[in-house]
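Below is entry_9.txt, holding compact mmCIF, C-alpha atoms.
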```
# COMPACT_ATOMS: atom_id res chain seq x y z
CA MET A 3 -84.12 -200.58 -5.11
CA ASP A 4 -80.89 -200.27 -3.13
CA ILE A 5 -78.92 -197.02 -3.07
CA ALA A 6 -76.32 -198.17 -5.62
CA GLU A 7 -79.07 -199.09 -8.08
CA LEU A 8 -80.90 -195.81 -7.40
CA VAL A 9 -77.71 -193.85 -8.13
CA ARG A 10 -77.03 -195.77 -11.36
CA THR A 11 -80.66 -195.30 -12.46
CA LEU A 12 -80.68 -191.59 -11.63
CA ILE A 13 -77.43 -190.95 -13.49
CA ALA A 14 -78.81 -192.69 -16.58
CA LEU A 15 -82.14 -190.85 -16.37
CA GLN A 16 -80.56 -187.45 -15.81
CA THR A 17 -78.13 -188.06 -18.67
CA ARG A 18 -81.16 -188.70 -20.89
CA ILE A 19 -82.82 -185.48 -19.68
CA TYR A 20 -79.70 -183.48 -20.53
CA GLU A 21 -79.59 -185.12 -23.98
CA LEU A 22 -83.27 -184.36 -24.65
CA THR A 23 -82.70 -180.71 -23.79
CA ASP A 24 -79.48 -180.45 -25.86
CA ASP A 25 -77.57 -179.54 -22.71
CA ASP A 26 -73.88 -180.45 -22.68
CA ARG A 27 -73.82 -181.14 -18.94
CA ARG A 28 -73.86 -184.67 -17.58
CA PRO A 29 -74.08 -185.95 -14.00
CA VAL A 30 -70.56 -186.55 -12.68
CA PRO A 31 -70.37 -188.88 -9.68
CA HIS A 32 -67.35 -188.59 -7.41
CA PRO A 33 -65.53 -191.76 -6.31
CA PRO A 34 -66.87 -193.43 -3.15
CA ILE A 35 -65.94 -191.90 0.20
CA ASP A 36 -62.78 -193.24 1.83
CA SER A 37 -62.68 -194.36 5.47
CA ALA A 38 -60.76 -191.30 6.71
CA SER A 39 -63.25 -188.90 5.11
CA LEU A 40 -66.16 -190.95 6.44
CA ALA A 41 -64.77 -190.74 9.99
CA ALA A 42 -64.19 -186.99 9.61
CA LEU A 43 -67.74 -186.54 8.30
CA GLU A 44 -69.18 -188.50 11.23
CA ARG A 45 -67.33 -186.16 13.62
CA TRP A 46 -68.59 -183.16 11.62
CA PHE A 47 -72.19 -184.37 11.98
CA ALA A 48 -71.67 -185.05 15.70
CA ALA A 49 -70.41 -181.48 16.19
CA ARG A 50 -73.80 -180.36 14.84
CA ALA A 51 -75.68 -182.65 17.25
CA ALA A 52 -76.56 -184.91 14.35
CA VAL A 53 -75.90 -188.42 13.12
CA LEU A 54 -74.88 -189.29 9.58
CA PRO A 55 -78.13 -190.76 8.19
CA PRO A 56 -77.83 -194.41 7.02
CA SER A 57 -79.23 -193.81 3.53
CA TYR A 58 -76.95 -190.80 2.99
CA ARG A 59 -73.99 -192.87 4.27
CA ALA A 60 -74.91 -195.60 1.76
CA PHE A 61 -74.99 -192.96 -0.99
CA LEU A 62 -71.52 -191.71 0.00
CA ARG A 63 -70.20 -195.28 -0.18
CA VAL A 64 -71.43 -195.43 -3.78
CA CYS A 65 -70.32 -191.92 -4.71
CA ASP A 66 -69.13 -189.02 -2.59
CA GLY A 67 -71.44 -186.52 -4.30
CA ILE A 68 -72.67 -185.92 -7.85
CA ASP A 69 -71.98 -182.75 -9.80
CA ASP A 70 -74.89 -181.74 -12.05
CA PHE A 71 -77.19 -184.28 -10.43
CA SER A 72 -79.98 -182.27 -12.04
CA PHE A 73 -80.67 -178.80 -13.40
CA SER A 74 -81.52 -177.77 -9.83
CA TYR A 75 -78.45 -178.82 -7.90
CA HIS A 76 -75.28 -180.73 -7.27
CA LEU A 77 -75.54 -183.42 -4.59
CA PHE A 78 -72.81 -182.84 -2.05
CA GLY A 79 -70.51 -185.29 -0.38
CA SER A 80 -67.75 -185.02 2.18
CA ARG A 81 -65.54 -182.79 0.03
CA PHE A 82 -68.07 -179.99 0.20
CA LEU A 83 -69.35 -180.55 3.74
CA LEU A 84 -65.82 -180.70 5.17
CA SER A 85 -64.53 -177.78 3.10
CA PRO A 86 -63.64 -174.44 4.68
CA GLU A 87 -66.25 -172.80 2.40
CA TYR A 88 -69.19 -174.87 3.66
CA ASP A 89 -70.23 -172.64 6.58
CA ALA A 90 -70.29 -169.45 4.52
CA ILE A 91 -72.13 -171.08 1.61
CA ALA A 92 -74.65 -172.73 3.95
CA GLU A 93 -75.27 -169.47 5.77
CA ARG A 94 -75.96 -167.67 2.47
CA ALA A 95 -78.07 -170.53 1.11
CA LEU A 96 -80.07 -171.12 4.28
CA GLY A 97 -79.94 -167.71 5.93
CA GLY A 98 -80.58 -169.14 9.39
CA GLY A 99 -83.18 -171.45 7.89
CA ALA A 100 -85.29 -171.77 4.82
CA SER A 101 -88.75 -170.36 4.57
CA GLY A 102 -90.80 -172.68 6.73
CA LEU A 103 -87.66 -174.07 8.41
CA GLU A 104 -86.60 -171.18 10.59
CA ARG A 105 -83.77 -172.18 12.89
CA ALA A 106 -81.57 -170.27 15.32
CA SER A 107 -78.56 -170.86 13.04
CA ALA A 108 -77.68 -172.46 9.71
CA ASP A 109 -75.80 -175.13 11.72
CA GLU A 110 -79.15 -176.67 12.67
CA LEU A 111 -79.79 -177.58 9.03
CA ILE A 112 -77.35 -179.40 6.77
CA LEU A 113 -77.15 -178.28 3.15
CA ILE A 114 -76.46 -181.33 0.96
CA GLY A 115 -77.55 -180.02 -2.43
CA ARG A 116 -77.64 -176.75 -4.33
CA HIS A 117 -76.51 -175.09 -7.51
CA PRO A 118 -75.31 -171.48 -7.58
CA ASP A 119 -77.69 -170.68 -10.46
CA THR A 120 -80.90 -171.80 -8.70
CA ARG A 121 -82.72 -171.25 -5.42
CA THR A 122 -83.41 -174.98 -5.04
CA ARG A 123 -81.92 -176.59 -1.94
CA LEU A 124 -81.62 -180.09 -0.54
CA ILE A 125 -81.48 -180.00 3.24
CA LEU A 126 -81.07 -182.56 6.00
CA ASP A 127 -82.99 -181.55 9.12
CA PRO A 128 -81.56 -183.54 12.04
CA HIS A 129 -83.83 -181.71 14.52
CA HIS A 130 -87.08 -182.73 12.82
CA ALA A 131 -88.89 -185.74 14.29
CA PRO A 132 -87.82 -188.84 12.32
CA LEU A 133 -90.35 -190.32 9.91
CA GLU A 134 -88.31 -193.49 9.31
CA PRO A 135 -86.45 -195.22 12.15
CA GLY A 136 -82.82 -194.04 12.30
CA GLU A 137 -83.18 -191.69 9.32
CA THR A 138 -83.08 -187.91 9.01
CA VAL A 139 -85.84 -185.95 7.29
CA VAL A 140 -84.88 -184.29 4.00
CA PHE A 141 -86.39 -181.11 2.57
CA ASP A 142 -86.16 -180.39 -1.16
CA GLY A 143 -87.18 -177.34 -3.15
CA ASP A 144 -87.20 -173.57 -3.21
CA PRO A 145 -87.55 -171.53 -0.03
CA GLY A 146 -91.25 -171.41 0.79
CA PHE A 147 -92.01 -174.41 -1.45
CA LEU A 148 -90.23 -177.31 0.21
CA SER A 149 -91.17 -180.98 -0.11
CA LEU A 150 -90.55 -183.29 2.84
CA HIS A 151 -88.99 -186.73 2.40
CA ALA A 152 -88.71 -189.32 5.17
CA SER A 153 -85.07 -190.02 4.28
CA PHE A 154 -82.36 -189.39 1.73
CA GLY A 155 -83.23 -192.80 0.25
CA SER A 156 -86.87 -191.80 -0.20
CA PHE A 157 -85.71 -188.56 -1.85
CA LEU A 158 -83.68 -190.62 -4.35
CA GLU A 159 -86.67 -192.89 -5.01
CA MET A 160 -88.90 -189.87 -5.68
CA SER A 161 -86.19 -188.44 -7.95
CA VAL A 162 -86.33 -191.58 -10.12
CA GLN A 163 -90.10 -191.16 -10.57
CA ALA A 164 -89.77 -187.43 -11.28
CA ALA A 165 -87.00 -188.02 -13.85
CA LYS A 166 -89.11 -190.65 -15.64
CA LEU A 167 -92.02 -188.20 -15.89
CA THR A 168 -89.69 -185.47 -17.12
CA ILE A 169 -88.30 -187.75 -19.82
CA ARG A 170 -91.79 -188.73 -20.94
CA THR A 171 -92.82 -185.06 -21.16
CA LEU A 172 -89.65 -184.05 -23.02
CA GLU A 173 -90.02 -186.93 -25.49
CA GLN A 174 -93.64 -185.94 -26.14
CA GLN A 175 -92.63 -182.33 -26.67
CA ASN A 176 -89.83 -183.37 -29.02
CA ARG A 177 -92.40 -185.36 -31.03
CA GLY A 178 -94.79 -182.39 -31.02
CA VAL A 179 -97.39 -184.13 -28.84
CA PRO A 180 -99.32 -181.75 -26.55
CA ASP A 181 -98.68 -182.23 -22.81
CA ASP A 182 -102.23 -183.39 -22.10
CA GLU A 183 -102.16 -186.30 -24.58
CA PRO A 184 -100.96 -189.79 -23.52
```
Would you mind writing the file out in structure tokens?
Amino acid sequence: MDIAELVRTLIALQTRIYELTDDDRRPVPHPPIDSASLAALERWFAARAAVLPPSYRAFLRVCDGIDDFSFSYHLFGSRFLLSPEYDAIAERALGGGASGLERASADELILIGRHPDTRTRLILDPHHAPLEPGETVVFDGDPGFLSLHASFGSFLEMSVQAAKLTIRTLEQQNRGVPDDEP
């Protein structure tokens, strides 16, 4: 699945999850990144000794972030990363690292997803050895319980599978079927 299809699928799946839980929130994608913001973001990444990962760039060209991507976090785009608040929020969220990802400074990790009401983080780690050519490793989860993804694209693919399982479980619960029954 390409990034545009992954984003469309994830928005539909997450919308269904919110409906099944009677939550009024919905995922809200921002318009695609413009060329000036993309150039500014590339410079921002370069200032952190990093390169804008291709799969994350493709995501930004589809939508420049998604508010309420899930219960766990918003997915950030250039508006957040380039904002004057980013450094302070990243420092608080990462505290010089995340458990298991200790770094000399928060600048060595790039926070691309969080929600103020959770501890869950989505982090690009440009200093980790690449697992896919040209891509940046992504960590997802709570401090001390992080999952590693070879790229932002692989994170999105995993998110599709996780959302499908969540929907199946919620539908079973809404029908009164115990979790261990098919």
> Out of A:Ala51, A:Asp69, A:Ala60, A:Ala41, which residue has the shortest atom-to-atom distance to Arg28 of chain A when counting only C-alpha atoms?
Replying inline: A:Asp69
>> Residues within 6 Å of Cys65 of chain A, please, as a PyMOL selection string. Count only C-alpha atoms; anything in the same chain fewer than 4 positions from it doesn't count.
In response: chain A and resi 31-34
>> What's around Asp25 of chain A at 12 Å? Count only C-alpha atoms, leave out sequence neighbours fewer than 4 positions away in its own chain, and write the answer as a list in words.
In response: Gln16, Thr17, Arg18, Ile19, Tyr20, Glu21, Pro29, Asp70, Ser72 and Phe73 of chain A
> To one decimal place, how far is atom CA of Phe61 of chain A from atom CA of Lys166 of chain A in Å?
Replying inline: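 Spanning atom CA of Phe61 of chain A to atom CA of Lys166 of chain A is a straight-line distance of 20.5 Å.
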>> What's the separation between atom CA of Thr122 of chain A and atom CA of Ser39 of chain A, in Å to one decimal place?
In response: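 It comes out at 26.5 Å.
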